[in-house]
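A.B. asks: Sharing a structure here in structure tokens format.
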Amino acid sequence: MQLDRHVLGDIRWEYLLVLYRICAPEPGGFCLPKSHFELVPGHSPRLTELLELLWKVSREPGGISAFQTEMLFRCALEELFVCVRNQSNDGEQALFEQISRCVLKIRL
């Protein structure tokens with residue numbers, strides 16, 4: 001999947017790459033590993049803060065930072081879903097509901 005990025009100013013562009021494996025059975029007719037989608041959360045200071053903290057903690061060595069990284073990722077994912085749910089239109093709502101149900105099943 002290609003990513004389109006826009007960098008403002010002369011700052012260096014950095015990103016987090018999250019690789020994951022789906023261990024739970026998927027709902028019928030939905031193949032998450034072959035699906036590409038974009039969720040637009042809008043402006044969320046909490047999401048920005050969580051992502052900045054995730055970036056910082058993920059660069060630290062050790063078991064505690066690995067645990068914190070996973071927890072922060074899950075918190076950021078939840079915040080993303082809340083933001084998208086609060087601003088999505090009807091067409092995006094169905095896709096969002098399907099994806100969030102699948103992800104929540106994976107988390108359990």
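A note on labels: chains of the structure tokens are A, B, ... as shown, every chain counts residues from 1, and ligands are counted from 1 in their shown order.
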If we count only C-alpha atoms, what is near stretch 37-48 of chain A at a cut-off of 6 Å, once residues fewer than 3 positions away on the same chain are taken out, given as a ChimeraX atom specification?
C.D. replies: /A:51,76,80,83-84
A.B. asks: Quick one: residues within 9 Å of A:Glu70, only C-alpha atoms, excluding same-chain residues fewer than 5 positions away - as an MDAnalysis selection string?
C.D. replies: chainID A and resid 54 58 65 75
A.B. asks: Got a sec: who's within 12 Å of A:Glu14, counting only C-alpha atoms, leaving out chain neighbours fewer than 3 positions off, as a list in words?
C.D. replies: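 Here the answer would be Arg5, His6, Val7, Ile11, Leu17, Leu51, Glu52, Trp55 and Lys56 of chain A.
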A.B. asks: Atom CA of A:Pro25 and atom CA of A:Gln68 are how many Å apart?
C.D. replies: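 Answer for the atom CA of A:Pro25 to atom CA of A:Gln68 separation: 26.6 Å.
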